[in-house]
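Below: work_38.tsv (TSV, C-alpha atoms)
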chain	number	residue	atom	x	y	z
V	1	MET	CA	-48.51	-44.10	-34.74
V	2	LEU	CA	-49.68	-42.43	-31.55
V	3	THR	CA	-46.84	-43.89	-29.45
V	4	LYS	CA	-44.22	-42.71	-31.96
V	5	ASN	CA	-45.71	-39.26	-31.73
V	6	ASN	CA	-45.57	-39.37	-27.89
V	7	HIS	CA	-41.92	-40.47	-27.94
V	8	SER	CA	-41.08	-37.71	-30.39
V	9	LYS	CA	-42.74	-35.09	-28.20
V	10	LYS	CA	-40.93	-36.35	-25.08
V	11	ILE	CA	-37.59	-36.22	-26.89
V	12	GLU	CA	-38.36	-32.69	-28.06
V	13	GLN	CA	-39.11	-31.70	-24.46
V	14	ILE	CA	-36.00	-33.37	-22.98
V	15	PHE	CA	-33.53	-32.31	-25.69
V	16	PRO	CA	-33.15	-28.67	-24.53
V	17	VAL	CA	-32.54	-29.85	-20.96
V	18	ILE	CA	-29.86	-32.32	-22.07
V	19	LEU	CA	-28.25	-29.69	-24.30
V	20	PHE	CA	-28.25	-27.21	-21.40
V	21	LEU	CA	-26.58	-29.76	-19.09
V	22	ILE	CA	-23.88	-30.56	-21.66
V	23	LEU	CA	-23.15	-26.88	-22.22
V	24	SER	CA	-23.06	-26.23	-18.46
V	25	VAL	CA	-20.53	-29.02	-17.95
V	26	LEU	CA	-18.34	-27.61	-20.74
V	27	VAL	CA	-18.49	-24.08	-19.31
V	28	ILE	CA	-17.59	-25.31	-15.81
V	29	PHE	CA	-14.72	-27.37	-17.25
V	30	PHE	CA	-13.25	-24.38	-19.08
V	31	ILE	CA	-13.65	-22.08	-16.07
V	32	ASN	CA	-11.87	-24.56	-13.77
V	33	ASN	CA	-9.18	-25.12	-16.36
V	34	SER	CA	-8.50	-21.39	-16.67
V	35	LYS	CA	-8.32	-21.05	-12.86
V	36	SER	CA	-5.69	-23.79	-12.62
V	37	ASP	CA	-3.70	-22.13	-15.42
V	38	SER	CA	-3.67	-18.84	-13.52
V	39	LYS	CA	-2.64	-20.66	-10.33
V	40	ASN	CA	0.28	-22.25	-12.16
V	41	ASP	CA	1.34	-18.79	-13.35
V	42	SER	CA	1.33	-17.52	-9.76
V	43	ASP	CA	3.33	-20.59	-8.71
V	44	ALA	CA	5.95	-19.74	-11.34
V	45	GLU	CA	6.10	-16.17	-10.01
V	46	MET	CA	6.37	-17.48	-6.44
V	47	ILE	CA	9.47	-19.51	-7.28
V	48	GLN	CA	11.17	-16.30	-8.38
V	49	VAL	CA	10.04	-14.42	-5.26
V	50	LEU	CA	11.86	-16.76	-2.85
V	51	PRO	CA	14.76	-14.74	-1.46
V	52	THR	CA	18.09	-16.07	-2.66
V	53	VAL	CA	19.45	-15.52	0.85
V	54	ALA	CA	17.26	-18.36	2.12
V	55	LEU	CA	18.66	-20.66	-0.53
V	56	ALA	CA	22.32	-19.70	-0.53
V	57	GLU	CA	23.03	-18.04	2.80
V	58	GLU	CA	25.81	-19.66	4.77
V	59	LEU	CA	24.49	-20.28	8.23
V	60	CYS	CA	26.42	-21.08	11.39
V	61	LYS	CA	25.62	-24.17	13.41
V	62	SER	CA	24.45	-23.53	16.96
V	63	GLU	CA	26.36	-25.63	19.49
V	64	ASP	CA	23.81	-25.25	22.30
V	65	LEU	CA	20.43	-26.55	21.08
V	66	GLU	CA	18.57	-25.66	24.28
V	67	ASN	CA	19.74	-22.04	24.20
V	68	ALA	CA	19.13	-21.77	20.46
V	69	LEU	CA	15.55	-22.94	20.91
V	70	THR	CA	14.82	-20.09	23.31
V	71	THR	CA	16.01	-17.53	20.76
V	72	ILE	CA	13.82	-18.85	17.93
V	73	SER	CA	10.89	-16.64	17.13
V	74	PRO	CA	7.56	-17.87	18.53
V	75	GLU	CA	6.05	-17.02	15.11
V	76	ILE	CA	7.53	-20.14	13.51
V	77	PRO	CA	6.84	-23.76	14.34
V	78	THR	CA	9.57	-25.98	15.71
V	79	TYR	CA	9.43	-29.74	15.89
V	80	GLU	CA	10.87	-32.44	18.11
V	81	GLU	CA	13.84	-34.61	17.19
V	82	LEU	CA	16.09	-31.66	16.33
V	83	ILE	CA	19.45	-32.69	14.93
V	84	SER	CA	20.85	-29.17	14.63
V	85	ILE	CA	19.93	-25.51	14.40
V	86	GLU	CA	21.69	-23.05	12.14
V	87	THR	CA	21.29	-19.30	12.35
V	88	GLU	CA	22.75	-16.22	10.71
V	89	CYS	CA	26.51	-15.91	11.10
V	90	ASN	CA	26.37	-12.15	10.72
V	91	SER	CA	22.96	-10.62	11.33
V	92	ASP	CA	24.06	-7.34	9.66
V	93	ASP	CA	24.20	-8.97	6.20
V	94	TYR	CA	20.58	-8.10	5.36
V	95	PRO	CA	17.32	-7.17	7.05
V	96	GLY	CA	15.49	-10.21	8.33
V	97	GLU	CA	16.08	-13.44	10.15
V	98	VAL	CA	17.18	-16.81	8.75
V	99	ILE	CA	16.90	-20.01	10.75
V	100	ARG	CA	17.49	-23.56	9.53
V	101	LEU	CA	16.26	-26.51	11.55
V	102	ASN	CA	17.56	-29.97	10.66
V	103	ILE	CA	15.05	-32.46	11.98
V	104	LYS	CA	14.93	-36.23	12.25
V	105	GLU	CA	11.52	-36.58	10.60
V	106	ALA	CA	10.10	-37.57	7.22
V	107	TYR	CA	9.92	-34.81	4.59
V	108	SER	CA	6.29	-35.54	3.70
V	109	TYR	CA	5.17	-35.37	7.34
V	110	LEU	CA	6.93	-32.05	7.98
V	111	THR	CA	5.58	-30.52	4.78
V	112	PHE	CA	2.05	-31.51	5.78
V	113	ALA	CA	2.56	-30.32	9.37
V	114	LEU	CA	3.90	-26.92	8.29
V	115	GLU	CA	0.96	-26.33	5.96
V	116	LYS	CA	-1.34	-26.89	8.95
V	117	ASP	CA	0.76	-25.11	11.64
V	118	ILE	CA	1.63	-21.86	9.80
V	119	PRO	CA	-1.99	-20.55	9.70
V	120	ILE	CA	-2.46	-21.46	13.38
V	121	LEU	CA	0.45	-19.12	14.22
V	122	GLY	CA	-1.32	-16.22	12.49
V	123	TRP	CA	0.27	-16.34	9.02
V	124	ASN	CA	-2.10	-15.69	6.09
V	125	ASN	CA	-2.13	-16.09	2.31
V	126	LEU	CA	-0.34	-19.42	2.38
V	127	ILE	CA	1.14	-20.41	-1.00
V	128	THR	CA	2.80	-23.80	-1.40
V	129	THR	CA	4.98	-24.61	-4.41
V	130	ASP	CA	6.87	-27.77	-5.28
V	131	VAL	CA	10.45	-26.77	-6.23
V	132	THR	CA	11.95	-30.27	-6.30
V	133	GLU	CA	15.39	-30.51	-7.89
V	134	GLY	CA	16.44	-33.93	-9.13
V	135	GLU	CA	16.66	-36.39	-6.24
V	136	THR	CA	16.12	-33.73	-3.55
V	137	PHE	CA	12.50	-33.07	-2.73
V	138	LYS	CA	11.84	-29.41	-1.97
V	139	THR	CA	8.75	-27.42	-1.15
V	140	GLN	CA	8.50	-23.68	-0.78
V	141	ILE	CA	5.86	-22.10	1.42
V	142	SER	CA	5.16	-18.39	1.51
V	143	ALA	CA	2.90	-16.57	3.95
V	144	ASN	CA	2.49	-13.14	5.49
V	145	LYS	CA	0.95	-11.24	8.35
V	146	PRO	CA	0.68	-7.49	8.81
V	147	GLY	CA	4.18	-6.06	8.44
V	148	LYS	CA	5.98	-9.40	7.98
V	149	THR	CA	6.64	-11.95	5.28
V	150	LEU	CA	7.66	-15.56	5.84
V	151	GLN	CA	9.42	-17.76	3.27
V	152	ILE	CA	10.06	-21.41	4.10
V	153	LEU	CA	12.11	-23.91	2.14
V	154	ILE	CA	11.64	-27.55	3.15
V	155	SER	CA	14.31	-29.91	1.76
V	156	SER	CA	14.66	-33.65	2.07
V	157	ILE	CA	18.10	-34.73	3.27
V	158	ASP	CA	17.38	-38.43	3.74
V	159	VAL	CA	14.17	-39.72	2.14
V	160	THR	CA	13.02	-42.54	4.40
V	161	SER	CA	10.11	-42.96	6.78
V	162	GLU	CA	12.38	-41.71	9.59
V	163	GLY	CA	14.33	-39.42	7.28
V	164	GLU	CA	16.03	-36.12	7.86
V	165	THR	CA	14.53	-32.87	6.67
V	166	SER	CA	15.85	-29.33	6.59
V	167	ILE	CA	13.47	-26.41	7.14
V	168	THR	CA	14.84	-22.96	6.34
V	169	TYR	CA	12.76	-20.05	7.63
V	170	TYR	CA	13.33	-16.56	6.29
V	171	ILE	CA	11.34	-13.88	8.11
V	172	TYR	CA	11.58	-10.25	7.11
V	173	ASP	CA	9.76	-7.03	7.85
V	174	GLU	CA	7.96	-5.36	4.99
Can the structure in the file be given as structure tokens, please?
Amino acid sequence: MLTKNNHSKKIEQIFPVILFLILSVLVIFFINNSKSDSKNDSDAEMIQVLPTVALAEELCKSEDLENALTTISPEIPTYEELISIETECNSDDYPGEVIRLNIKEAYSYLTFALEKDIPILGWNNLITTDVTEGETFKTQISANKPGKTLQILISSIDVTSEGETSITYYIYDE
């Protein structure tokens, strides 16, 4: 009889602690869930913010890669194995700068590299959104620094380990 009484008292002492732990886990779960929902809402807004010029602008291919590389802004990363560089055909079309680099490199590697390199070059508030369309993998990255905004669209051209990837940079002054 005494041991049953001891067990009952121990259970009564432990029960509030167990109940508190269960409630804490539920509260943390719902808080994290609501944060991810709000992040998804901002991702949906970000897709709409991407300038249509970066998606649809007709760019002109640069014939001289070496010269074109010297004119590229030092605020954006460039990578080896360049296949071609495209720039604005008419820079008076809109305020800003559009550059497309076609690179002989895997899409996943370049996406990862850009996410690491953009902050090193002084860009803040990095937002990455998957905007894949069908068979073409696409990622949009947005960042800013005082007075400037950067939009990047990374698109897979050839999805292999040594694939081709297109990176379109759109830089504009705020």
Problem - Atomic distance atom CA of V:Leu110 - atom CA of V:Glu88, expressed in Å with one decimal - result: 22.5 Å
Exercise for the section: Please check which residues have atoms at most 10 Å from (8.2, -26.8, 0.9) in the file's coordinates, counting all atoms listed in the file, and write them as a ChimeraX atom specification. Expected result: /V:107-108,110-112,114-115,127-132,137-142,151-156,166-168
Practice task
Taking (20.6, -22.4, 20.9) in the file's own coordinates, collect the residues within 12 Å, counting all atoms listed in the file, and hand them back as a list of chain:residue names.
Solution key: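 Taken together, the residues in range are V:Cys60, V:Lys61, V:Ser62, V:Glu63, V:Asp64, V:Leu65, V:Glu66, V:Asn67, V:Ala68, V:Leu69, V:Thr70, V:Thr71, V:Ile72, V:Ser73, V:Leu82, V:Ile83, V:Ser84, V:Ile85, V:Glu86, V:Thr87, V:Ile99, V:Arg100, V:Leu101.
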Problem - Residue with smallest distance to V:Ile76 - pool V:Trp123, V:Lys104, V:Leu23, V:Gln13, counting all atoms listed in the file - result: V:Trp123
Problem - Top pick for closest residue to V:Lys116, considering V:Lys10, V:Glu135, V:Val98, V:Pro77 and counting all atoms listed in the file - result: V:Pro77
Problem - Residue with smallest distance to V:Pro146 - pool V:Glu174, V:Glu164, V:Asp158, V:Glu133, counting only C-alpha atoms - result: V:Glu174
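One finds atom CA of V:Leu126 at 4.6 Å from atom CA of V:Ala143.
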Practice task
Find the spatial neighbours of V:Leu121, counting all atoms listed in the file, within a cut-off of 7 Å - ignore same-chain residues fewer than 3 positions away - and output them as a PyMOL selection string.
Solution key: chain V and resi 75+117-118
Missing atoms in stretch 139-160 of chain V: can you complete it with N, CA and C atoms, as a PDB file, in the coordinates of the input?
ATOM      1  N   THR V 139      10.009 -28.141  -1.103  1.00  0.00           N
ATOM      2  CA  THR V 139       8.750 -27.420  -1.150  1.00  0.00           C
ATOM      3  C   THR V 139       8.984 -26.031  -0.586  1.00  0.00           C
ATOM      4  N   GLN V 140       8.399 -25.061  -1.237  1.00  0.00           N
ATOM      5  CA  GLN V 140       8.500 -23.680  -0.780  1.00  0.00           C
ATOM      6  C   GLN V 140       7.125 -23.249  -0.284  1.00  0.00           C
ATOM      7  N   ILE V 141       7.098 -22.638   0.873  1.00  0.00           N
ATOM      8  CA  ILE V 141       5.860 -22.100   1.420  1.00  0.00           C
ATOM      9  C   ILE V 141       6.073 -20.615   1.684  1.00  0.00           C
ATOM     10  N   SER V 142       5.115 -19.821   1.278  1.00  0.00           N
ATOM     11  CA  SER V 142       5.160 -18.390   1.510  1.00  0.00           C
ATOM     12  C   SER V 142       3.900 -17.978   2.242  1.00  0.00           C
ATOM     13  N   ALA V 143       4.052 -17.071   3.194  1.00  0.00           N
ATOM     14  CA  ALA V 143       2.900 -16.570   3.950  1.00  0.00           C
ATOM     15  C   ALA V 143       3.233 -15.162   4.448  1.00  0.00           C
ATOM     16  N   ASN V 144       2.234 -14.467   4.922  1.00  0.00           N
ATOM     17  CA  ASN V 144       2.490 -13.140   5.490  1.00  0.00           C
ATOM     18  C   ASN V 144       1.496 -12.842   6.593  1.00  0.00           C
ATOM     19  N   LYS V 145       1.832 -11.824   7.343  1.00  0.00           N
ATOM     20  CA  LYS V 145       0.950 -11.240   8.350  1.00  0.00           C
ATOM     21  C   LYS V 145       1.258  -9.753   8.316  1.00  0.00           C
ATOM     22  N   PRO V 146       0.438  -8.939   8.903  1.00  0.00           N
ATOM     23  CA  PRO V 146       0.680  -7.490   8.810  1.00  0.00           C
ATOM     24  C   PRO V 146       2.115  -7.116   9.180  1.00  0.00           C
ATOM     25  N   GLY V 147       2.821  -6.547   8.212  1.00  0.00           N
ATOM     26  CA  GLY V 147       4.180  -6.060   8.440  1.00  0.00           C
ATOM     27  C   GLY V 147       5.285  -7.086   8.301  1.00  0.00           C
ATOM     28  N   LYS V 148       4.953  -8.352   8.065  1.00  0.00           N
ATOM     29  CA  LYS V 148       5.980  -9.400   7.980  1.00  0.00           C
ATOM     30  C   LYS V 148       5.691 -10.365   6.839  1.00  0.00           C
ATOM     31  N   THR V 149       6.750 -10.904   6.284  1.00  0.00           N
ATOM     32  CA  THR V 149       6.640 -11.950   5.280  1.00  0.00           C
ATOM     33  C   THR V 149       7.483 -13.135   5.725  1.00  0.00           C
ATOM     34  N   LEU V 150       6.978 -14.338   5.470  1.00  0.00           N
ATOM     35  CA  LEU V 150       7.660 -15.560   5.840  1.00  0.00           C
ATOM     36  C   LEU V 150       7.862 -16.401   4.582  1.00  0.00           C
ATOM     37  N   GLN V 151       9.097 -16.822   4.348  1.00  0.00           N
ATOM     38  CA  GLN V 151       9.420 -17.760   3.270  1.00  0.00           C
ATOM     39  C   GLN V 151      10.008 -18.994   3.944  1.00  0.00           C
ATOM     40  N   ILE V 152       9.557 -20.161   3.526  1.00  0.00           N
ATOM     41  CA  ILE V 152      10.060 -21.410   4.100  1.00  0.00           C
ATOM     42  C   ILE V 152      10.499 -22.301   2.949  1.00  0.00           C
ATOM     43  N   LEU V 153      11.652 -22.913   3.094  1.00  0.00           N
ATOM     44  CA  LEU V 153      12.110 -23.910   2.140  1.00  0.00           C
ATOM     45  C   LEU V 153      12.299 -25.208   2.898  1.00  0.00           C
ATOM     46  N   ILE V 154      11.551 -26.235   2.518  1.00  0.00           N
ATOM     47  CA  ILE V 154      11.640 -27.550   3.150  1.00  0.00           C
ATOM     48  C   ILE V 154      12.396 -28.445   2.178  1.00  0.00           C
ATOM     49  N   SER V 155      13.485 -29.065   2.630  1.00  0.00           N
ATOM     50  CA  SER V 155      14.310 -29.910   1.760  1.00  0.00           C
ATOM     51  C   SER V 155      14.513 -31.272   2.396  1.00  0.00           C
ATOM     52  N   SER V 156      14.390 -32.300   1.585  1.00  0.00           N
ATOM     53  CA  SER V 156      14.660 -33.650   2.070  1.00  0.00           C
ATOM     54  C   SER V 156      16.160 -33.875   2.079  1.00  0.00           C
ATOM     55  N   ILE V 157      16.680 -34.379   3.183  1.00  0.00           N
ATOM     56  CA  ILE V 157      18.100 -34.730   3.270  1.00  0.00           C
ATOM     57  C   ILE V 157      18.239 -36.232   3.106  1.00  0.00           C
ATOM     58  N   ASP V 158      17.385 -36.970   3.798  1.00  0.00           N
ATOM     59  CA  ASP V 158      17.380 -38.430   3.740  1.00  0.00           C
ATOM     60  C   ASP V 158      15.921 -38.856   3.594  1.00  0.00           C
ATOM     61  N   VAL V 159      15.560 -39.384   2.409  1.00  0.00           N
ATOM     62  CA  VAL V 159      14.170 -39.720   2.140  1.00  0.00           C
ATOM     63  C   VAL V 159      13.879 -41.148   2.591  1.00  0.00           C
ATOM     64  N   THR V 160      13.485 -41.276   3.847  1.00  0.00           N
ATOM     65  CA  THR V 160      13.020 -42.540   4.400  1.00  0.00           C
ATOM     66  C   THR V 160      11.871 -42.206   5.335  1.00  0.00           C
TER      67      THR V 160
END
